[in-house]
Structures are given as C-alpha cells and as structure tokens.
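What's in structure20.pdb: PDB, C-alpha atoms, pLDDT in the B column
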```pdb
ATOM      1  CA  GLU V 207     -32.921 -14.212 -63.020  1.00 96.00           C
ATOM      2  CA  VAL V 208     -31.876 -16.861 -60.516  1.00 97.00           C
ATOM      3  CA  GLN V 209     -29.495 -15.482 -57.901  1.00 98.00           C
ATOM      4  CA  LEU V 210     -27.900 -16.769 -54.728  1.00 98.00           C
ATOM      5  CA  VAL V 211     -26.488 -13.861 -52.750  1.00 98.00           C
ATOM      6  CA  GLN V 212     -24.262 -14.669 -49.803  1.00 97.00           C
ATOM      7  CA  SER V 213     -23.362 -12.563 -46.802  1.00 91.00           C
ATOM      8  CA  GLY V 214     -19.974 -10.867 -46.509  1.00 93.00           C
ATOM      9  CA  ALA V 215     -16.527 -12.087 -45.532  1.00 96.00           C
ATOM     10  CA  GLU V 216     -15.946 -13.002 -41.893  1.00 97.00           C
ATOM     11  CA  VAL V 217     -12.882 -12.905 -39.655  1.00 98.00           C
ATOM     12  CA  LYS V 218     -13.243 -14.850 -36.410  1.00 98.00           C
ATOM     13  CA  LYS V 219     -11.150 -16.264 -33.589  1.00 98.00           C
ATOM     14  CA  PRO V 220     -10.918 -19.962 -32.740  1.00 98.00           C
ATOM     15  CA  GLY V 221     -13.758 -21.024 -30.471  1.00 98.00           C
ATOM     16  CA  GLU V 222     -16.162 -18.349 -31.696  1.00 98.00           C
ATOM     17  CA  SER V 223     -19.504 -19.128 -33.286  1.00 98.00           C
ATOM     18  CA  LEU V 224     -20.597 -18.076 -36.758  1.00 98.00           C
ATOM     19  CA  LYS V 225     -23.673 -18.181 -38.967  1.00 98.00           C
ATOM     20  CA  ILE V 226     -23.393 -17.291 -42.661  1.00 98.00           C
ATOM     21  CA  SER V 227     -26.293 -16.834 -45.039  1.00 98.00           C
ATOM     22  CA  CYS V 228     -27.401 -17.352 -48.611  1.00 98.00           C
ATOM     23  CA  LYS V 229     -30.485 -15.620 -50.023  1.00 98.00           C
ATOM     24  CA  GLY V 230     -32.178 -17.075 -53.079  1.00 98.00           C
ATOM     25  CA  SER V 231     -34.231 -15.091 -55.552  1.00 97.00           C
ATOM     26  CA  GLY V 232     -35.672 -15.396 -59.047  1.00 97.00           C
ATOM     27  CA  TYR V 233     -37.118 -18.875 -58.550  1.00 97.00           C
ATOM     28  CA  SER V 234     -39.388 -20.884 -56.230  1.00 97.00           C
ATOM     29  CA  PHE V 235     -37.072 -21.099 -53.203  1.00 97.00           C
ATOM     30  CA  THR V 236     -39.023 -23.895 -51.519  1.00 97.00           C
ATOM     31  CA  SER V 237     -38.847 -26.188 -54.570  1.00 96.00           C
ATOM     32  CA  TYR V 238     -35.078 -26.682 -54.842  1.00 97.00           C
ATOM     33  CA  TRP V 239     -32.503 -28.162 -52.489  1.00 96.00           C
ATOM     34  CA  ILE V 240     -29.839 -25.674 -51.331  1.00 98.00           C
ATOM     35  CA  GLY V 241     -26.390 -26.985 -50.449  1.00 97.00           C
ATOM     36  CA  TRP V 242     -23.027 -25.793 -49.179  1.00 98.00           C
ATOM     37  CA  VAL V 243     -19.606 -26.459 -50.699  1.00 98.00           C
ATOM     38  CA  ARG V 244     -16.265 -25.781 -49.015  1.00 98.00           C
ATOM     39  CA  GLN V 245     -13.068 -24.805 -50.774  1.00 98.00           C
ATOM     40  CA  MET V 246     -10.014 -24.554 -48.569  1.00 98.00           C
ATOM     41  CA  PRO V 247      -7.224 -22.206 -49.723  1.00 96.00           C
ATOM     42  CA  GLY V 248      -5.661 -23.537 -52.916  1.00 95.00           C
ATOM     43  CA  LYS V 249      -7.652 -26.768 -52.730  1.00 97.00           C
ATOM     44  CA  GLY V 250     -10.587 -28.479 -54.405  1.00 97.00           C
ATOM     45  CA  LEU V 251     -14.327 -28.577 -53.764  1.00 98.00           C
ATOM     46  CA  GLU V 252     -16.014 -30.487 -50.934  1.00 97.00           C
ATOM     47  CA  TRP V 253     -19.757 -30.985 -50.589  1.00 96.00           C
ATOM     48  CA  MET V 254     -20.844 -30.348 -47.003  1.00 97.00           C
ATOM     49  CA  GLY V 255     -24.577 -30.922 -46.949  1.00 96.00           C
ATOM     50  CA  ILE V 256     -27.935 -29.873 -48.257  1.00 96.00           C
ATOM     51  CA  ILE V 257     -31.382 -28.760 -47.136  1.00 97.00           C
ATOM     52  CA  TYR V 258     -34.812 -28.742 -48.744  1.00 97.00           C
ATOM     53  CA  PRO V 259     -36.484 -25.441 -47.844  1.00 97.00           C
ATOM     54  CA  GLY V 260     -39.949 -26.867 -48.379  1.00 95.00           C
ATOM     55  CA  ASP V 261     -39.768 -29.117 -45.311  1.00 95.00           C
ATOM     56  CA  SER V 262     -36.257 -28.479 -43.874  1.00 96.00           C
ATOM     57  CA  ASP V 263     -35.153 -32.058 -44.674  1.00 96.00           C
ATOM     58  CA  THR V 264     -31.369 -31.893 -44.195  1.00 97.00           C
ATOM     59  CA  ARG V 265     -28.535 -34.235 -45.176  1.00 95.00           C
ATOM     60  CA  TYR V 266     -24.874 -33.983 -44.340  1.00 96.00           C
ATOM     61  CA  SER V 267     -21.698 -35.363 -45.788  1.00 94.00           C
ATOM     62  CA  PRO V 268     -20.229 -37.827 -43.265  1.00 93.00           C
ATOM     63  CA  SER V 269     -17.131 -35.591 -43.203  1.00 95.00           C
ATOM     64  CA  PHE V 270     -19.147 -32.625 -41.911  1.00 97.00           C
ATOM     65  CA  GLN V 271     -21.860 -34.317 -39.829  1.00 97.00           C
ATOM     66  CA  GLY V 272     -21.715 -32.874 -36.317  1.00 97.00           C
ATOM     67  CA  GLN V 273     -19.268 -30.143 -37.357  1.00 97.00           C
ATOM     68  CA  VAL V 274     -21.755 -27.686 -38.857  1.00 98.00           C
ATOM     69  CA  THR V 275     -25.489 -27.037 -38.897  1.00 98.00           C
ATOM     70  CA  ILE V 276     -27.490 -26.202 -41.999  1.00 98.00           C
ATOM     71  CA  SER V 277     -30.828 -24.443 -41.588  1.00 98.00           C
ATOM     72  CA  VAL V 278     -33.297 -22.389 -43.563  1.00 98.00           C
ATOM     73  CA  ASP V 279     -35.848 -19.612 -43.114  1.00 97.00           C
ATOM     74  CA  LYS V 280     -38.188 -20.024 -46.035  1.00 96.00           C
ATOM     75  CA  SER V 281     -40.133 -16.886 -45.109  1.00 97.00           C
ATOM     76  CA  ILE V 282     -37.132 -14.839 -46.260  1.00 97.00           C
ATOM     77  CA  SER V 283     -35.750 -17.347 -48.811  1.00 98.00           C
ATOM     78  CA  THR V 284     -32.504 -17.710 -46.903  1.00 98.00           C
ATOM     79  CA  ALA V 285     -30.332 -20.701 -46.055  1.00 98.00           C
ATOM     80  CA  TYR V 286     -27.697 -20.741 -43.336  1.00 98.00           C
ATOM     81  CA  LEU V 287     -24.504 -22.540 -42.404  1.00 98.00           C
ATOM     82  CA  GLN V 288     -23.349 -22.285 -38.834  1.00 98.00           C
ATOM     83  CA  TRP V 289     -20.566 -23.327 -36.510  1.00 98.00           C
ATOM     84  CA  SER V 290     -20.746 -23.392 -32.722  1.00 98.00           C
ATOM     85  CA  SER V 291     -16.982 -23.377 -32.175  1.00 98.00           C
ATOM     86  CA  LEU V 292     -14.706 -22.450 -35.072  1.00 98.00           C
ATOM     87  CA  LYS V 293     -11.259 -23.921 -35.630  1.00 98.00           C
ATOM     88  CA  ALA V 294      -8.394 -22.554 -37.687  1.00 98.00           C
ATOM     89  CA  SER V 295      -8.986 -25.433 -40.108  1.00 97.00           C
ATOM     90  CA  ASP V 296     -12.425 -23.957 -40.924  1.00 98.00           C
ATOM     91  CA  THR V 297     -10.665 -21.181 -42.828  1.00 98.00           C
ATOM     92  CA  ALA V 298     -12.029 -21.516 -46.361  1.00 98.00           C
ATOM     93  CA  MET V 299     -14.327 -20.142 -49.017  1.00 98.00           C
ATOM     94  CA  TYR V 300     -17.899 -21.368 -48.608  1.00 98.00           C
ATOM     95  CA  TYR V 301     -20.296 -21.467 -51.530  1.00 98.00           C
ATOM     96  CA  CYS V 302     -24.022 -22.017 -51.408  1.00 98.00           C
ATOM     97  CA  VAL V 303     -25.422 -23.903 -54.380  1.00 98.00           C
ATOM     98  CA  ARG V 304     -28.812 -24.666 -55.854  1.00 98.00           C
ATOM     99  CA  GLN V 305     -29.273 -28.327 -56.703  1.00 95.00           C
ATOM    100  CA  SER V 306     -31.030 -29.115 -59.952  1.00 91.00           C
ATOM    101  CA  ILE V 307     -34.419 -30.776 -59.708  1.00 87.00           C
ATOM    102  CA  ALA V 308     -33.281 -33.475 -62.154  1.00 82.00           C
ATOM    103  CA  ALA V 309     -30.184 -34.730 -60.325  1.00 84.00           C
ATOM    104  CA  GLN V 310     -27.598 -33.842 -57.694  1.00 86.00           C
ATOM    105  CA  TYR V 311     -25.651 -31.335 -59.723  1.00 94.00           C
ATOM    106  CA  PHE V 312     -25.443 -27.641 -58.922  1.00 97.00           C
ATOM    107  CA  ASP V 313     -26.796 -25.279 -61.523  1.00 96.00           C
ATOM    108  CA  TYR V 314     -26.415 -22.007 -59.628  1.00 98.00           C
ATOM    109  CA  TRP V 315     -23.717 -20.918 -57.192  1.00 98.00           C
ATOM    110  CA  GLY V 316     -23.457 -18.040 -54.755  1.00 98.00           C
ATOM    111  CA  GLN V 317     -20.484 -15.716 -54.996  1.00 98.00           C
ATOM    112  CA  GLY V 318     -18.809 -17.334 -51.993  1.00 98.00           C
ATOM    113  CA  ILE V 319     -18.005 -16.220 -48.460  1.00 97.00           C
ATOM    114  CA  LEU V 320     -14.422 -16.208 -47.234  1.00 98.00           C
ATOM    115  CA  VAL V 321     -14.274 -17.268 -43.597  1.00 98.00           C
ATOM    116  CA  THR V 322     -10.943 -16.657 -41.879  1.00 98.00           C
ATOM    117  CA  VAL V 323     -10.349 -18.137 -38.431  1.00 98.00           C
ATOM    118  CA  SER V 324      -7.224 -16.863 -36.757  1.00 97.00           C
ATOM    119  CA  SER V 325      -6.077 -15.938 -33.280  1.00 96.00           C
TER     120      SER V 325
ATOM    121  CA  ASP O 211     -17.808 -42.646 -50.470  1.00 87.00           C
ATOM    122  CA  ILE O 212     -17.410 -42.674 -54.220  1.00 93.00           C
ATOM    123  CA  GLN O 213     -13.936 -41.423 -55.105  1.00 96.00           C
ATOM    124  CA  MET O 214     -13.409 -39.351 -58.234  1.00 97.00           C
ATOM    125  CA  THR O 215      -9.965 -39.223 -59.849  1.00 98.00           C
ATOM    126  CA  GLN O 216      -9.131 -36.720 -62.577  1.00 98.00           C
ATOM    127  CA  SER O 217      -6.226 -36.821 -64.962  1.00 98.00           C
ATOM    128  CA  PRO O 218      -4.098 -35.033 -65.675  1.00 97.00           C
ATOM    129  CA  SER O 219      -3.793 -32.766 -62.631  1.00 97.00           C
ATOM    130  CA  SER O 220      -2.574 -30.016 -64.928  1.00 97.00           C
ATOM    131  CA  VAL O 221      -2.192 -29.551 -68.636  1.00 97.00           C
ATOM    132  CA  SER O 222      -0.607 -26.867 -70.809  1.00 96.00           C
ATOM    133  CA  ALA O 223      -2.145 -26.072 -74.167  1.00 96.00           C
ATOM    134  CA  SER O 224      -2.413 -23.324 -76.765  1.00 95.00           C
ATOM    135  CA  VAL O 225      -5.344 -21.393 -78.179  1.00 95.00           C
ATOM    136  CA  GLY O 226      -6.977 -23.533 -80.850  1.00 96.00           C
ATOM    137  CA  ASP O 227      -5.848 -26.855 -79.362  1.00 96.00           C
ATOM    138  CA  ARG O 228      -8.169 -29.741 -78.600  1.00 97.00           C
ATOM    139  CA  VAL O 229      -7.971 -30.793 -74.952  1.00 97.00           C
ATOM    140  CA  THR O 230      -9.403 -33.818 -73.166  1.00 98.00           C
ATOM    141  CA  ILE O 231      -9.676 -34.260 -69.406  1.00 98.00           C
ATOM    142  CA  THR O 232     -10.511 -37.622 -67.873  1.00 98.00           C
ATOM    143  CA  CYS O 233     -12.460 -38.480 -64.730  1.00 98.00           C
ATOM    144  CA  ARG O 234     -12.716 -41.957 -63.236  1.00 98.00           C
ATOM    145  CA  ALA O 235     -15.195 -43.026 -60.544  1.00 97.00           C
ATOM    146  CA  SER O 236     -14.372 -45.688 -57.949  1.00 97.00           C
ATOM    147  CA  GLN O 237     -17.661 -47.442 -58.730  1.00 95.00           C
ATOM    148  CA  ASP O 238     -20.339 -47.428 -61.405  1.00 95.00           C
ATOM    149  CA  ILE O 239     -22.216 -44.117 -61.424  1.00 95.00           C
ATOM    150  CA  SER O 240     -24.097 -44.627 -64.706  1.00 95.00           C
ATOM    151  CA  ILE O 241     -24.327 -41.172 -66.308  1.00 95.00           C
ATOM    152  CA  TRP O 242     -24.538 -39.240 -63.046  1.00 95.00           C
ATOM    153  CA  LEU O 243     -21.603 -36.959 -63.659  1.00 96.00           C
ATOM    154  CA  ALA O 244     -21.208 -33.195 -63.988  1.00 97.00           C
ATOM    155  CA  TRP O 245     -18.334 -30.944 -65.047  1.00 98.00           C
ATOM    156  CA  TYR O 246     -17.596 -27.463 -63.717  1.00 98.00           C
ATOM    157  CA  GLN O 247     -15.213 -24.669 -64.699  1.00 98.00           C
ATOM    158  CA  GLN O 248     -13.663 -22.413 -62.078  1.00 98.00           C
ATOM    159  CA  LYS O 249     -11.679 -19.284 -62.800  1.00 97.00           C
ATOM    160  CA  PRO O 250      -9.453 -17.681 -60.140  1.00 95.00           C
ATOM    161  CA  GLY O 251     -11.453 -15.816 -57.526  1.00 94.00           C
ATOM    162  CA  LYS O 252     -14.782 -16.929 -58.969  1.00 97.00           C
ATOM    163  CA  ALA O 253     -17.419 -19.496 -58.131  1.00 98.00           C
ATOM    164  CA  PRO O 254     -17.499 -22.666 -60.220  1.00 98.00           C
ATOM    165  CA  LYS O 255     -19.805 -22.750 -63.230  1.00 98.00           C
ATOM    166  CA  LEU O 256     -21.740 -25.785 -64.438  1.00 98.00           C
ATOM    167  CA  LEU O 257     -20.724 -26.878 -67.944  1.00 98.00           C
ATOM    168  CA  ILE O 258     -22.020 -30.427 -68.441  1.00 97.00           C
ATOM    169  CA  TYR O 259     -24.537 -32.569 -66.561  1.00 96.00           C
ATOM    170  CA  SER O 260     -25.691 -36.157 -66.916  1.00 95.00           C
ATOM    171  CA  ALA O 261     -22.279 -36.885 -68.459  1.00 97.00           C
ATOM    172  CA  SER O 262     -23.013 -35.346 -71.859  1.00 97.00           C
ATOM    173  CA  SER O 263     -25.752 -32.697 -71.607  1.00 96.00           C
ATOM    174  CA  LEU O 264     -24.583 -29.152 -72.239  1.00 97.00           C
ATOM    175  CA  GLN O 265     -25.801 -26.594 -69.715  1.00 96.00           C
ATOM    176  CA  SER O 266     -27.726 -23.707 -71.243  1.00 95.00           C
ATOM    177  CA  GLY O 267     -25.445 -20.900 -72.407  1.00 96.00           C
ATOM    178  CA  VAL O 268     -22.265 -23.002 -72.481  1.00 98.00           C
ATOM    179  CA  PRO O 269     -20.412 -22.891 -75.820  1.00 97.00           C
ATOM    180  CA  SER O 270     -20.707 -25.962 -78.017  1.00 97.00           C
ATOM    181  CA  ARG O 271     -16.913 -26.440 -78.079  1.00 97.00           C
ATOM    182  CA  PHE O 272     -17.387 -28.112 -74.681  1.00 98.00           C
ATOM    183  CA  SER O 273     -18.592 -31.701 -74.743  1.00 98.00           C
ATOM    184  CA  GLY O 274     -18.772 -34.594 -72.330  1.00 98.00           C
ATOM    185  CA  SER O 275     -18.930 -38.338 -72.777  1.00 98.00           C
ATOM    186  CA  GLY O 276     -18.772 -41.583 -70.864  1.00 98.00           C
ATOM    187  CA  SER O 277     -20.791 -43.789 -68.561  1.00 97.00           C
ATOM    188  CA  GLY O 278     -20.161 -46.228 -65.759  1.00 96.00           C
ATOM    189  CA  THR O 279     -16.763 -45.331 -64.336  1.00 97.00           C
ATOM    190  CA  ASP O 280     -14.931 -43.479 -67.120  1.00 98.00           C
ATOM    191  CA  PHE O 281     -15.772 -40.001 -68.376  1.00 98.00           C
ATOM    192  CA  THR O 282     -14.185 -37.288 -70.476  1.00 98.00           C
ATOM    193  CA  LEU O 283     -14.550 -33.558 -70.945  1.00 98.00           C
ATOM    194  CA  THR O 284     -13.363 -32.290 -74.314  1.00 98.00           C
ATOM    195  CA  ILE O 285     -12.780 -28.724 -75.411  1.00 97.00           C
ATOM    196  CA  SER O 286     -12.632 -28.847 -79.192  1.00 95.00           C
ATOM    197  CA  SER O 287     -10.788 -25.576 -79.878  1.00 94.00           C
ATOM    198  CA  LEU O 288      -9.398 -23.751 -76.868  1.00 96.00           C
ATOM    199  CA  GLN O 289     -10.256 -20.094 -76.466  1.00 96.00           C
ATOM    200  CA  PRO O 290      -8.395 -17.653 -74.186  1.00 94.00           C
ATOM    201  CA  GLU O 291     -11.292 -17.608 -71.720  1.00 95.00           C
ATOM    202  CA  ASP O 292     -11.122 -21.410 -71.268  1.00 96.00           C
ATOM    203  CA  PHE O 293      -7.929 -21.366 -69.223  1.00 93.00           C
ATOM    204  CA  ALA O 294      -9.224 -22.344 -65.792  1.00 97.00           C
ATOM    205  CA  THR O 295      -9.542 -25.283 -63.426  1.00 98.00           C
ATOM    206  CA  TYR O 296     -12.038 -28.014 -64.240  1.00 98.00           C
ATOM    207  CA  TYR O 297     -13.758 -30.332 -61.769  1.00 98.00           C
ATOM    208  CA  CYS O 298     -15.846 -33.421 -62.262  1.00 98.00           C
ATOM    209  CA  GLN O 299     -18.538 -34.339 -59.739  1.00 97.00           C
ATOM    210  CA  GLN O 300     -20.487 -37.530 -59.282  1.00 96.00           C
ATOM    211  CA  THR O 301     -24.138 -36.960 -58.588  1.00 87.00           C
ATOM    212  CA  ASN O 302     -25.125 -40.539 -57.854  1.00 77.00           C
ATOM    213  CA  ARG O 303     -25.194 -40.386 -54.071  1.00 75.00           C
ATOM    214  CA  PHE O 304     -23.537 -37.988 -51.617  1.00 88.00           C
ATOM    215  CA  PRO O 305     -21.867 -35.728 -54.174  1.00 93.00           C
ATOM    216  CA  THR O 306     -18.098 -35.884 -54.433  1.00 96.00           C
ATOM    217  CA  PHE O 307     -15.714 -33.942 -56.662  1.00 97.00           C
ATOM    218  CA  GLY O 308     -12.534 -34.812 -58.455  1.00 98.00           C
ATOM    219  CA  GLN O 309      -9.378 -33.038 -57.335  1.00 98.00           C
ATOM    220  CA  GLY O 310      -9.416 -30.689 -60.317  1.00 98.00           C
ATOM    221  CA  THR O 311      -7.453 -30.233 -63.532  1.00 98.00           C
ATOM    222  CA  ARG O 312      -5.680 -26.943 -64.104  1.00 98.00           C
ATOM    223  CA  LEU O 313      -5.616 -25.914 -67.754  1.00 97.00           C
ATOM    224  CA  GLU O 314      -2.782 -23.484 -68.399  1.00 95.00           C
ATOM    225  CA  ILE O 315      -1.614 -21.489 -71.373  1.00 87.00           C
ATOM    226  CA  GLN O 316       1.414 -23.026 -73.072  1.00 85.00           C
TER     227      GLN O 316
END
```
Let me see the structure of the file written as structure tokens.
Amino acid sequence: EVQLVQSGAEVKKPGESLKISCKGSGYSFTSYWIGWVRQMPGKGLEWMGIIYPGDSDTRYSPSFQGQVTISVDKSISTAYLQWSSLKASDTAMYYCVRQSIAAQYFDYWGQGILVTVSS
Amino acid sequence: DIQMTQSPSSVSASVGDRVTITCRASQDISIWLAWYQQKPGKAPKLLIYSASSLQSGVPSRFSGSGSGTDFTLTISSLQPEDFATYYCQQTNRFPTFGQGTRLEIQ
C-alpha cells in the first residue's frame, strides 16, 4: 500500500527555522517526484515545488522560490520542506504529494502537517 | 502562470441530484487537467486525471470532460458522502489549482 506519512504539527515563533518531513512507503521512492502543497486557513491549494528523489532535481513555484527549501534523503525514503526564518503568513497546512509518472497530477497525498507561526 | 477559474464557487444540491462544476484555464492546456475532492479536515483525493480518466476506486457517478480551456466535472447522482469541496488542477506546466467549489447540502 502506498503511503506518505508526514511528521507532526508544529508551533513556532516568527524568525525560527523549521524542517518538516514526509516518509514514503509501499512503492519505489526514487522513481516518483514528491511535491509540497500549501493550504492556508480556509483557503485553496497552492503548489510549492517538487523534487525527484532519484537525483534530487528540484523545481519551485515562482511564488515560493527563495522562501523554502525542498530536499530529500533517499536512504530513508523521506522528503523535507524547510524554512530558515518563519513568518506569521507561513501558518498553513502543508501536504506532501506523490506525482504520477504519467503527468503532473498527484495520486497520493500525505495526511498534512499544520504549521502555526505565532509570537 | 496558467490561471484556473472554477464556477460556481459554491452550489447547493440534494441527494440524487446531478451536479456539474466548470473549470476554465487561461490558456490551452489540452487534456492536462485533474479534479480533486477535499472533505473538511482531510487531504484532497484524486478523482479524475487527464480530463476524463477515472482514478482507480472512484465511483463511476463521477465523470470529467473537456479539452483546451474548458472542462467539467459531473456527479450524476449525488450521494451524502459527496458533499465536499472540489478543485481542478492544470498539469500542463507548473501546476496550479482552481479556487475550489464548495458543494453543500440543500
């Protein structure tokens, strides 16, 4: 069974750093792109970027380029999303997603991580 | 960026009704469109890909159509579990989503 299991909810202060994770299982982790999708409270879905675990090729949405870093450790089948300095506006639910081999749609989703940034 | 516009933003319907949601792309995306369903507090779930292909395990009352810039998601006979928010997503280039359509019980 394909699963994407994300780390737990986080509460941080503005200016702090954060790295959240997403562990894939039940499939060949290095053969599928893994992406991140943001959902701010009460709002819609925003694609942030994506990484190919096989060679760490990474692409970012222009809206998130320079704001976050996506990385992967293929030895433990885990992808990461990190911030060096959080802002209150980073408060959101973050989903990791597996991108289909056929096209850029997302066939499996993690359960989501709620990140709250508040002083 | 390719902009995706859904209509309506919300719709009220009853169990057994037929419902259609529309998604329009700001430029030609061929058939590179997906539809997702999201229930409160849950991750989105893929329903339709490549505009009209039904994802494995999704009930056949869901169908998708369209190409180019205009697409539709149709639910042929609403069931209680279908009340949720629906998003379209273009998969042609950097993925972008529509703003969502909330399907509510009338």
Original post:
For the atom pair CA of Ser283 (chain V) and CA of Gln265 (chain O), what is the interatomic distance in Å to one decimal place?
Top reply: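 We find that CA of Ser283 (chain V) and CA of Gln265 (chain O) lie 24.9 Å from each other.
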Subject >> Exercise: Pro220 (chain V) partners within 9 Å, all atoms listed in the file, chain neighbours under 5 positions left out, as a list in words >> reply: Ser291, Leu292, Lys293, Ala294, Val323, Ser324 and Ser325 of chain V
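Among the candidate residues O:Pro250, O:Ser240, O:Ser263, O:Thr306, the one lying nearest to Gly278 (chain O) is O:Ser240, with distances computed using all atoms listed in the file.
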**OP:** Enumerate as a list in words the residues belonging to chain O that approach chain V to within 7 Å, with all atoms listed in the file taken into account.
**Re:** Ala244, Ala253, Leu256, Thr301, Phe304, Pro305, Thr306, Phe307, Gln309 and Gly310 of chain O
Original post:
Separation of CA of Ala285 (chain V) and CA of Trp242 (chain V), in Å?
Top reply: 9.4 Å
